[in-house]
>>> print(open('final.cif').read())   # mmCIF, N, CA and C atoms and all ligand atoms
data_upload
#
loop_
_atom_site.label_atom_id
_atom_site.label_comp_id
_atom_site.auth_asym_id
_atom_site.auth_seq_id
_atom_site.Cartn_x
_atom_site.Cartn_y
_atom_site.Cartn_z
N MET A 132 3.66 -38.13 -10.32
CA MET A 132 2.48 -38.57 -9.58
C MET A 132 1.31 -37.61 -9.79
N ARG A 133 1.56 -36.33 -9.62
CA ARG A 133 0.46 -35.38 -9.68
C ARG A 133 0.04 -35.08 -11.10
N ARG A 134 -1.23 -34.91 -11.27
CA ARG A 134 -1.73 -34.49 -12.56
C ARG A 134 -1.46 -33.00 -12.69
N ARG A 135 -1.60 -32.52 -13.91
CA ARG A 135 -1.31 -31.11 -14.13
C ARG A 135 -2.22 -30.22 -13.29
N GLY A 136 -3.44 -30.67 -13.10
CA GLY A 136 -4.39 -29.90 -12.30
C GLY A 136 -3.88 -29.64 -10.89
N GLY A 137 -3.12 -30.57 -10.40
CA GLY A 137 -2.59 -30.41 -9.05
C GLY A 137 -1.69 -29.19 -8.93
N MET A 138 -0.91 -28.94 -9.96
CA MET A 138 -0.01 -27.79 -9.92
C MET A 138 -0.78 -26.48 -9.94
N VAL A 139 -1.82 -26.44 -10.74
CA VAL A 139 -2.63 -25.22 -10.81
C VAL A 139 -3.21 -24.91 -9.44
N ILE A 140 -3.71 -25.93 -8.81
CA ILE A 140 -4.29 -25.73 -7.48
C ILE A 140 -3.21 -25.26 -6.50
N GLY A 141 -2.04 -25.83 -6.65
CA GLY A 141 -0.94 -25.40 -5.77
C GLY A 141 -0.67 -23.92 -5.91
N VAL A 142 -0.66 -23.43 -7.12
CA VAL A 142 -0.43 -22.00 -7.36
C VAL A 142 -1.56 -21.19 -6.73
N LEU A 143 -2.78 -21.64 -6.93
CA LEU A 143 -3.93 -20.94 -6.36
C LEU A 143 -3.81 -20.83 -4.85
N VAL A 144 -3.46 -21.94 -4.24
CA VAL A 144 -3.34 -21.95 -2.79
C VAL A 144 -2.27 -20.95 -2.35
N GLY A 145 -1.19 -20.90 -3.12
CA GLY A 145 -0.13 -19.95 -2.78
C GLY A 145 -0.62 -18.52 -2.84
N VAL A 146 -1.35 -18.20 -3.90
CA VAL A 146 -1.89 -16.85 -4.07
C VAL A 146 -2.85 -16.53 -2.93
N LEU A 147 -3.69 -17.49 -2.61
CA LEU A 147 -4.66 -17.28 -1.54
C LEU A 147 -3.95 -17.05 -0.21
N ALA A 148 -2.87 -17.79 -0.01
CA ALA A 148 -2.14 -17.62 1.24
C ALA A 148 -1.61 -16.20 1.34
N LEU A 149 -1.10 -15.67 0.22
CA LEU A 149 -0.61 -14.30 0.20
C LEU A 149 -1.73 -13.32 0.51
N ALA A 150 -2.88 -13.54 -0.14
CA ALA A 150 -4.02 -12.65 0.08
C ALA A 150 -4.44 -12.67 1.53
N ALA A 151 -4.46 -13.84 2.11
CA ALA A 151 -4.86 -13.95 3.51
C ALA A 151 -3.85 -13.24 4.40
N ALA A 152 -2.57 -13.38 4.08
CA ALA A 152 -1.54 -12.74 4.89
C ALA A 152 -1.70 -11.23 4.84
N GLY A 153 -2.10 -10.70 3.68
CA GLY A 153 -2.29 -9.27 3.55
C GLY A 153 -3.37 -8.73 4.46
N CYS A 154 -4.29 -9.59 4.83
CA CYS A 154 -5.36 -9.17 5.72
C CYS A 154 -4.97 -9.39 7.18
N GLY A 155 -3.77 -9.85 7.40
CA GLY A 155 -3.35 -10.17 8.75
C GLY A 155 -4.12 -11.36 9.30
N GLY A 156 -4.67 -12.13 8.41
CA GLY A 156 -5.53 -13.24 8.84
C GLY A 156 -4.76 -14.51 9.06
N GLY A 157 -5.15 -15.28 10.00
CA GLY A 157 -4.55 -16.57 10.22
C GLY A 157 -5.49 -17.65 9.71
N THR A 158 -5.57 -17.78 8.39
CA THR A 158 -6.40 -18.85 7.85
C THR A 158 -5.63 -20.14 8.02
N ASP A 159 -5.96 -20.89 8.97
CA ASP A 159 -5.19 -22.07 9.32
C ASP A 159 -5.57 -23.24 8.43
N ASP A 160 -5.18 -23.14 7.15
CA ASP A 160 -5.52 -24.26 6.27
C ASP A 160 -4.52 -25.38 6.48
N GLY A 161 -5.03 -26.55 6.44
CA GLY A 161 -4.21 -27.71 6.79
C GLY A 161 -3.35 -28.22 5.66
N GLY A 162 -2.73 -27.33 4.93
CA GLY A 162 -1.84 -27.76 3.87
C GLY A 162 -2.56 -28.13 2.59
N GLY A 163 -3.82 -27.85 2.51
CA GLY A 163 -4.57 -28.09 1.28
C GLY A 163 -4.71 -29.54 0.92
N ALA A 164 -4.82 -30.40 1.89
CA ALA A 164 -4.90 -31.83 1.62
C ALA A 164 -6.11 -32.18 0.76
N SER A 165 -7.22 -31.53 1.00
CA SER A 165 -8.44 -31.86 0.27
C SER A 165 -8.69 -30.86 -0.86
N ALA A 166 -7.64 -30.22 -1.32
CA ALA A 166 -7.79 -29.12 -2.27
C ALA A 166 -8.26 -29.58 -3.64
N THR A 167 -8.03 -30.82 -3.99
CA THR A 167 -8.31 -31.28 -5.36
C THR A 167 -9.76 -31.01 -5.76
N THR A 168 -10.68 -31.36 -4.92
CA THR A 168 -12.08 -31.14 -5.27
C THR A 168 -12.57 -29.78 -4.80
N ALA A 169 -11.92 -29.22 -3.81
CA ALA A 169 -12.44 -28.02 -3.18
C ALA A 169 -11.92 -26.73 -3.81
N ALA A 170 -11.10 -26.84 -4.83
CA ALA A 170 -10.43 -25.64 -5.37
C ALA A 170 -11.38 -24.51 -5.73
N PRO A 171 -12.43 -24.72 -6.52
CA PRO A 171 -13.31 -23.59 -6.87
C PRO A 171 -13.94 -22.95 -5.63
N THR A 172 -14.34 -23.77 -4.70
CA THR A 172 -14.94 -23.26 -3.47
C THR A 172 -13.93 -22.40 -2.71
N THR A 173 -12.69 -22.87 -2.66
CA THR A 173 -11.65 -22.15 -1.94
C THR A 173 -11.46 -20.76 -2.54
N THR A 174 -11.45 -20.71 -3.87
CA THR A 174 -11.25 -19.43 -4.54
C THR A 174 -12.35 -18.44 -4.17
N ALA A 175 -13.60 -18.91 -4.25
CA ALA A 175 -14.72 -18.04 -3.93
C ALA A 175 -14.63 -17.56 -2.49
N ALA A 176 -14.27 -18.44 -1.61
CA ALA A 176 -14.18 -18.08 -0.20
C ALA A 176 -13.13 -16.99 0.01
N ALA A 177 -12.02 -17.11 -0.70
CA ALA A 177 -10.94 -16.14 -0.52
C ALA A 177 -11.37 -14.75 -0.99
N GLU A 178 -12.12 -14.71 -2.08
CA GLU A 178 -12.58 -13.41 -2.55
C GLU A 178 -13.48 -12.75 -1.51
N THR A 179 -14.32 -13.53 -0.91
CA THR A 179 -15.18 -13.02 0.13
C THR A 179 -14.35 -12.47 1.28
N THR A 180 -13.34 -13.24 1.64
CA THR A 180 -12.48 -12.83 2.75
C THR A 180 -11.82 -11.48 2.46
N THR A 181 -11.35 -11.33 1.23
CA THR A 181 -10.64 -10.12 0.87
C THR A 181 -11.54 -8.88 0.98
N THR A 182 -12.76 -9.00 0.45
CA THR A 182 -13.64 -7.85 0.49
C THR A 182 -14.13 -7.58 1.92
N ALA A 183 -14.32 -8.66 2.66
CA ALA A 183 -14.85 -8.51 4.01
C ALA A 183 -13.73 -8.43 5.04
N CYS A 184 -12.62 -7.94 4.58
CA CYS A 184 -11.41 -7.93 5.40
C CYS A 184 -11.58 -7.10 6.68
N GLY A 185 -12.67 -6.59 6.87
CA GLY A 185 -13.26 -5.79 7.92
C GLY A 185 -12.48 -5.37 9.15
N ASP A 186 -13.14 -5.15 10.21
CA ASP A 186 -12.55 -4.60 11.43
C ASP A 186 -11.89 -3.25 11.12
N GLY A 187 -12.53 -2.46 10.30
CA GLY A 187 -11.97 -1.15 9.97
C GLY A 187 -10.79 -1.26 9.02
N GLY A 188 -10.52 -2.44 8.52
CA GLY A 188 -9.38 -2.63 7.63
C GLY A 188 -9.70 -2.22 6.22
N SER A 189 -10.18 -1.02 6.02
CA SER A 189 -10.52 -0.58 4.67
C SER A 189 -9.26 -0.17 3.93
N GLU A 190 -9.41 0.07 2.66
CA GLU A 190 -8.26 0.48 1.86
C GLU A 190 -8.44 1.91 1.40
N THR A 191 -7.36 2.64 1.43
CA THR A 191 -7.38 4.03 0.99
C THR A 191 -6.30 4.23 -0.05
N GLU A 192 -6.66 4.81 -1.16
CA GLU A 192 -5.67 5.14 -2.18
C GLU A 192 -5.56 6.64 -2.31
N ILE A 193 -4.32 7.09 -2.30
CA ILE A 193 -4.07 8.52 -2.37
C ILE A 193 -3.08 8.79 -3.49
N GLN A 194 -3.40 9.72 -4.34
CA GLN A 194 -2.45 10.14 -5.37
C GLN A 194 -1.74 11.40 -4.90
N LEU A 195 -0.43 11.34 -4.93
CA LEU A 195 0.34 12.47 -4.45
C LEU A 195 1.41 12.80 -5.49
N VAL A 196 1.37 14.03 -5.96
CA VAL A 196 2.31 14.43 -7.00
C VAL A 196 3.36 15.34 -6.39
N ALA A 197 4.61 14.99 -6.61
CA ALA A 197 5.73 15.82 -6.15
C ALA A 197 6.30 16.56 -7.35
N SER A 198 6.65 17.82 -7.11
CA SER A 198 7.38 18.58 -8.13
C SER A 198 8.47 19.33 -7.39
N ASP A 199 9.21 20.17 -8.10
CA ASP A 199 10.31 20.91 -7.47
C ASP A 199 9.79 22.26 -6.99
N PHE A 200 9.51 22.48 -5.74
CA PHE A 200 9.72 21.61 -4.61
C PHE A 200 8.49 21.67 -3.73
N LYS A 201 7.46 21.00 -4.17
CA LYS A 201 6.26 20.93 -3.36
C LYS A 201 5.45 19.69 -3.72
N PHE A 202 4.55 19.33 -2.81
CA PHE A 202 3.56 18.29 -3.09
C PHE A 202 2.28 18.97 -3.56
N ASP A 203 1.48 18.25 -4.35
CA ASP A 203 0.22 18.85 -4.80
C ASP A 203 -0.84 18.86 -3.71
N LYS A 204 -0.58 18.12 -2.61
CA LYS A 204 -1.51 18.12 -1.48
C LYS A 204 -0.73 18.45 -0.21
N THR A 205 -1.35 19.22 0.65
CA THR A 205 -0.70 19.51 1.92
C THR A 205 -1.45 18.88 3.08
N SER A 206 -2.52 18.16 2.77
CA SER A 206 -3.18 17.42 3.84
C SER A 206 -3.73 16.11 3.28
N LEU A 207 -3.53 15.05 4.04
CA LEU A 207 -4.01 13.72 3.69
C LEU A 207 -4.89 13.23 4.83
N ASP A 208 -5.97 12.54 4.46
CA ASP A 208 -6.87 11.99 5.48
C ASP A 208 -6.94 10.48 5.34
N MET A 209 -6.99 9.81 6.46
CA MET A 209 -7.13 8.35 6.43
C MET A 209 -7.72 7.86 7.74
N GLN A 210 -8.18 6.62 7.70
CA GLN A 210 -8.78 6.02 8.89
C GLN A 210 -7.77 5.15 9.59
N SER A 211 -7.73 5.24 10.88
CA SER A 211 -6.82 4.41 11.66
C SER A 211 -7.03 2.94 11.33
N GLY A 212 -5.94 2.25 11.11
CA GLY A 212 -6.00 0.81 10.83
C GLY A 212 -6.24 0.46 9.38
N SER A 213 -6.52 1.46 8.55
CA SER A 213 -6.78 1.15 7.14
C SER A 213 -5.46 0.92 6.41
N GLN A 214 -5.56 0.15 5.33
CA GLN A 214 -4.40 -0.08 4.48
C GLN A 214 -4.32 1.08 3.51
N VAL A 215 -3.23 1.78 3.53
CA VAL A 215 -3.10 2.98 2.71
C VAL A 215 -2.07 2.76 1.61
N LYS A 216 -2.46 3.16 0.42
CA LYS A 216 -1.54 3.08 -0.71
C LYS A 216 -1.38 4.49 -1.25
N VAL A 217 -0.18 5.02 -1.13
CA VAL A 217 0.09 6.36 -1.66
C VAL A 217 0.82 6.20 -2.99
N GLU A 218 0.16 6.62 -4.05
CA GLU A 218 0.77 6.54 -5.38
C GLU A 218 1.48 7.85 -5.65
N LEU A 219 2.79 7.74 -5.65
CA LEU A 219 3.63 8.92 -5.80
C LEU A 219 3.98 9.13 -7.27
N ARG A 220 3.93 10.37 -7.68
CA ARG A 220 4.38 10.72 -9.03
C ARG A 220 5.33 11.89 -8.89
N ASN A 221 6.49 11.73 -9.47
CA ASN A 221 7.48 12.80 -9.39
C ASN A 221 7.55 13.52 -10.73
N GLN A 222 7.02 14.73 -10.76
CA GLN A 222 7.03 15.50 -12.00
C GLN A 222 8.17 16.52 -11.99
N GLY A 223 9.06 16.37 -11.04
CA GLY A 223 10.16 17.32 -10.95
C GLY A 223 11.44 16.81 -11.58
N GLN A 224 12.48 17.58 -11.40
CA GLN A 224 13.81 17.23 -11.92
C GLN A 224 14.68 16.58 -10.85
N ALA A 225 14.25 16.73 -9.61
CA ALA A 225 15.03 16.20 -8.50
C ALA A 225 14.36 14.94 -7.95
N GLU A 226 15.14 14.11 -7.30
CA GLU A 226 14.56 12.96 -6.63
C GLU A 226 13.78 13.45 -5.42
N HIS A 227 12.60 12.89 -5.22
CA HIS A 227 11.81 13.23 -4.04
C HIS A 227 11.48 11.98 -3.24
N ASN A 228 10.68 12.16 -2.23
CA ASN A 228 10.48 11.09 -1.26
C ASN A 228 9.19 11.34 -0.49
N PHE A 229 8.59 10.26 -0.03
CA PHE A 229 7.43 10.39 0.86
C PHE A 229 7.79 9.70 2.17
N THR A 230 7.84 10.48 3.23
CA THR A 230 8.14 9.92 4.54
C THR A 230 7.01 10.24 5.50
N PHE A 231 6.49 9.19 6.11
CA PHE A 231 5.47 9.32 7.17
C PHE A 231 5.99 8.42 8.28
N THR A 232 6.77 9.01 9.14
CA THR A 232 7.55 8.26 10.12
C THR A 232 6.69 7.34 10.99
N GLU A 233 5.59 7.87 11.50
CA GLU A 233 4.77 7.10 12.44
C GLU A 233 4.16 5.85 11.79
N ALA A 234 4.05 5.87 10.48
CA ALA A 234 3.49 4.71 9.77
C ALA A 234 4.59 3.84 9.18
N GLY A 235 5.84 4.25 9.38
CA GLY A 235 6.95 3.47 8.85
C GLY A 235 7.14 3.61 7.35
N ALA A 236 6.59 4.68 6.78
CA ALA A 236 6.71 4.87 5.33
C ALA A 236 7.90 5.76 5.01
N ASN A 237 8.69 5.32 4.04
CA ASN A 237 9.87 6.07 3.61
C ASN A 237 10.16 5.61 2.19
N GLN A 238 9.55 6.30 1.23
CA GLN A 238 9.61 5.84 -0.16
C GLN A 238 10.21 6.91 -1.07
N ASP A 239 11.29 6.57 -1.73
CA ASP A 239 11.88 7.48 -2.71
C ASP A 239 11.14 7.39 -4.03
N VAL A 240 11.16 8.47 -4.77
CA VAL A 240 10.63 8.45 -6.14
C VAL A 240 11.55 9.29 -7.02
N GLU A 241 12.11 8.62 -7.99
CA GLU A 241 13.09 9.27 -8.89
C GLU A 241 12.41 10.32 -9.77
N ALA A 242 13.18 11.25 -10.25
CA ALA A 242 12.66 12.29 -11.15
C ALA A 242 11.94 11.66 -12.33
N GLY A 243 10.72 12.13 -12.57
CA GLY A 243 9.96 11.66 -13.73
C GLY A 243 9.34 10.29 -13.57
N GLU A 244 9.46 9.70 -12.39
CA GLU A 244 8.95 8.33 -12.22
C GLU A 244 7.82 8.26 -11.19
N ASP A 245 7.27 7.06 -11.07
CA ASP A 245 6.22 6.78 -10.09
C ASP A 245 6.74 5.79 -9.06
N ALA A 246 6.15 5.82 -7.90
CA ALA A 246 6.47 4.84 -6.87
C ALA A 246 5.25 4.72 -5.96
N THR A 247 5.19 3.65 -5.23
CA THR A 247 4.05 3.45 -4.35
C THR A 247 4.53 3.18 -2.93
N ALA A 248 3.93 3.87 -1.99
CA ALA A 248 4.20 3.62 -0.57
C ALA A 248 2.96 2.98 0.04
N THR A 249 3.11 1.86 0.69
CA THR A 249 1.97 1.23 1.35
C THR A 249 2.26 1.08 2.83
N PHE A 250 1.23 1.31 3.62
CA PHE A 250 1.40 1.21 5.07
C PHE A 250 0.04 1.13 5.72
N THR A 251 0.05 0.83 7.00
CA THR A 251 -1.18 0.81 7.78
C THR A 251 -1.27 2.12 8.55
N ALA A 252 -2.39 2.78 8.45
CA ALA A 252 -2.55 4.06 9.13
C ALA A 252 -2.44 3.86 10.65
N PRO A 253 -1.68 4.69 11.32
CA PRO A 253 -1.50 4.56 12.77
C PRO A 253 -2.72 5.04 13.56
N ALA A 254 -2.55 5.13 14.85
CA ALA A 254 -3.64 5.57 15.72
C ALA A 254 -4.10 6.98 15.34
N ALA A 255 -5.34 7.27 15.68
CA ALA A 255 -5.90 8.57 15.35
C ALA A 255 -5.01 9.69 15.89
N GLY A 256 -4.89 10.72 15.08
CA GLY A 256 -4.08 11.84 15.51
C GLY A 256 -3.69 12.68 14.32
N SER A 257 -2.87 13.68 14.58
CA SER A 257 -2.40 14.56 13.53
C SER A 257 -0.90 14.38 13.40
N TYR A 258 -0.46 14.11 12.19
CA TYR A 258 0.94 13.81 11.95
C TYR A 258 1.44 14.68 10.80
N GLN A 259 2.71 14.49 10.49
CA GLN A 259 3.28 15.24 9.37
C GLN A 259 3.89 14.27 8.36
N PHE A 260 3.73 14.57 7.10
CA PHE A 260 4.49 13.84 6.09
C PHE A 260 5.45 14.81 5.42
N THR A 261 6.56 14.28 4.95
CA THR A 261 7.57 15.13 4.33
C THR A 261 8.24 14.41 3.17
N CYS A 262 8.94 15.19 2.39
CA CYS A 262 9.96 14.65 1.50
C CYS A 262 11.24 14.79 2.32
N LYS A 263 11.90 13.67 2.57
CA LYS A 263 13.05 13.76 3.48
C LYS A 263 14.22 14.54 2.88
N TYR A 264 14.21 14.74 1.57
CA TYR A 264 15.30 15.49 0.95
C TYR A 264 15.05 17.01 0.99
N HIS A 265 13.78 17.38 1.08
CA HIS A 265 13.44 18.81 1.10
C HIS A 265 12.37 19.06 2.17
N PRO A 266 12.67 18.68 3.41
CA PRO A 266 11.62 18.68 4.45
C PRO A 266 11.08 20.07 4.79
N SER A 267 11.86 21.11 4.56
CA SER A 267 11.34 22.43 4.93
C SER A 267 10.36 22.96 3.88
N GLN A 268 10.49 22.48 2.63
CA GLN A 268 9.58 22.96 1.57
C GLN A 268 8.45 21.98 1.30
N MET A 269 8.79 20.70 1.38
CA MET A 269 7.83 19.67 0.95
C MET A 269 7.32 18.92 2.16
N LYS A 270 6.16 19.34 2.62
CA LYS A 270 5.60 18.71 3.81
C LYS A 270 4.10 18.95 3.86
N GLY A 271 3.44 18.20 4.69
CA GLY A 271 2.01 18.37 4.85
C GLY A 271 1.53 17.63 6.10
N THR A 272 0.24 17.68 6.28
CA THR A 272 -0.37 17.12 7.47
C THR A 272 -1.13 15.84 7.14
N VAL A 273 -0.98 14.85 7.98
CA VAL A 273 -1.79 13.64 7.86
C VAL A 273 -2.78 13.63 9.02
N THR A 274 -4.04 13.56 8.70
CA THR A 274 -5.07 13.49 9.73
C THR A 274 -5.64 12.07 9.76
N VAL A 275 -5.42 11.38 10.86
CA VAL A 275 -5.93 10.02 11.02
C VAL A 275 -7.11 10.06 11.98
N THR A 276 -8.23 9.54 11.52
CA THR A 276 -9.43 9.57 12.36
C THR A 276 -9.86 8.15 12.74
CU CU A 301 11.70 16.58 -2.40
#
>>> encode(input="final.cif", output="C-alpha cells", more="lines below")
Ligand SMILES: [Cu+2]
Amino acid sequence: MRRRGGMVIGVLVGVLALAAAGCGGGTDDGGGASATTAAPTTTAAAETTTTACGDGGSETEIQLVASDFKFDKTSLDMQSGSQVKVELRNQGQAEHNFTFTEAGANQDVEAGEDATATFTAPAAGSYQFTCKYHPSQMKGTVTVT
C-alpha cells in the first residue's frame, strides 16, 4: 500500500521521536497521520527544538583522560540540569572507571580504550568523582553551579 516515500518518513519520525525524548519533551504527535506532506516542515521544526532545548538544558562536553593512576583533571565544572557528556580516554594499562554517584554515572573504560559517560548534572553543589577501582588515587571535585 505505502509508497517508498512513506517508509522514509516513518524513519524520520522515529529519529525525531528519539531526539524529542532526549530533551525530556512530550511532543504529543498524533502518530504522524498527516506526515506525508508535512515531512520537511517536521524535520525543520525538530532541529529548532533540539537547539532551543532550553530551560538551562545546555550541553557540556568534558574530556577526561585516565592513566595509571590519575585523571588529567581534578576538578570538573557543570551547570545544574545540563546534559553532560564525559569522554573518557584510558591511556593506562589498567582498567579505569568514572563514577559520579549523585548523577548516576558509573562508566568503565578498558585499558587503551575510550568510553563515554552521559548524565544530567544534579543540583548545585560540590561533589566528588572517582575511579571506583582506585578511589584513593583517582578522584576529583565536581562543581555544579
Ligand atoms: Cu582507576
>>> closest_residue(input="final.cif", among="A:Gln214, A:Ser267, A:Gln222, A:Thr249", to="A:Ala234", atoms="all atoms listed in the file")
A:Thr249
>>> atom_distance(input="final.cif", atom1="atom N of A:Gly223", atom2="atom CA of A:Leu207")
19.9 Å
>>> residues_near_ligand(input="final.cif", ligand="ligand CU 301 (chain A)", cutoff="6 Å", atoms="all atoms listed in the file", output="list of chain:residue names")
A:Phe200, A:Glu226, A:His227, A:Asn228, A:Cys262, A:Lys263, A:Tyr264, A:His265, A:Met269
>>> write_last_selection(input="final.cif", atoms="N, CA and C atoms", output="JSON list (two decimals), keeping the file's coordinate frame")
[["chain", "number", "residue", "atom", "x", "y", "z"],
["A", 200, "PHE", "N", 9.51, 22.48, -5.74],
["A", 200, "PHE", "CA", 9.72, 21.61, -4.61],
["A", 200, "PHE", "C", 8.49, 21.67, -3.73],
["A", 226, "GLU", "N", 15.14, 14.11, -7.30],
["A", 226, "GLU", "CA", 14.56, 12.96, -6.63],
["A", 226, "GLU", "C", 13.78, 13.45, -5.42],
["A", 227, "HIS", "N", 12.60, 12.89, -5.22],
["A", 227, "HIS", "CA", 11.81, 13.23, -4.04],
["A", 227, "HIS", "C", 11.48, 11.98, -3.24],
["A", 228, "ASN", "N", 10.68, 12.16, -2.23],
["A", 228, "ASN", "CA", 10.48, 11.09, -1.26],
["A", 228, "ASN", "C", 9.19, 11.34, -0.49],
["A", 262, "CYS", "N", 8.94, 15.19, 2.39],
["A", 262, "CYS", "CA", 9.96, 14.65, 1.50],
["A", 262, "CYS", "C", 11.24, 14.79, 2.32],
["A", 263, "LYS", "N", 11.90, 13.67, 2.57],
["A", 263, "LYS", "CA", 13.05, 13.76, 3.48],
["A", 263, "LYS", "C", 14.22, 14.54, 2.88],
["A", 264, "TYR", "N", 14.21, 14.74, 1.57],
["A", 264, "TYR", "CA", 15.30, 15.49, 0.95],
["A", 264, "TYR", "C", 15.05, 17.01, 0.99],
["A", 265, "HIS", "N", 13.78, 17.38, 1.08],
["A", 265, "HIS", "CA", 13.44, 18.81, 1.10],
["A", 265, "HIS", "C", 12.37, 19.06, 2.17],
["A", 269, "MET", "N", 8.79, 20.70, 1.38],
["A", 269, "MET", "CA", 7.83, 19.67, 0.95],
["A", 269, "MET", "C", 7.32, 18.92, 2.16]]
>>> atom_distance(input="final.cif", atom1="atom N of A:Thr272", atom2="atom CA of A:Tyr258")
6.9 Å
>>> atom_distance(input="final.cif", atom1="atom CA of A:Pro253", atom2="atom CA of A:Glu241")
26.5 Å
>>> closest_residue(input="final.cif", among="A:Gly212, A:Gly235, A:Gly243, A:Gly271", to="A:Ser189", atoms="all atoms listed in the file")
A:Gly212
>>> closest_residue(input="final.cif", among="A:Thr276, A:Asn237, A:Gln194, A:Gln259", to="A:Asn221", atoms="only C-alpha atoms")
A:Gln194
>>> closest_residue(input="final.cif", among="A:Val273, A:Asp239, A:Pro266, A:Ala252", to="A:Lys204", atoms="only C-alpha atoms")
A:Val273
>>> axis_aligned_box(input="final.cif", around="stretch 254-262 of chain A", padding_each_side="3 Å", output="AutoDock Vina command-line options")
--center_x 2.7 --center_y 10.2 --center_z 8.7 --size_x 23.1 --size_y 16.1 --size_z 20.4
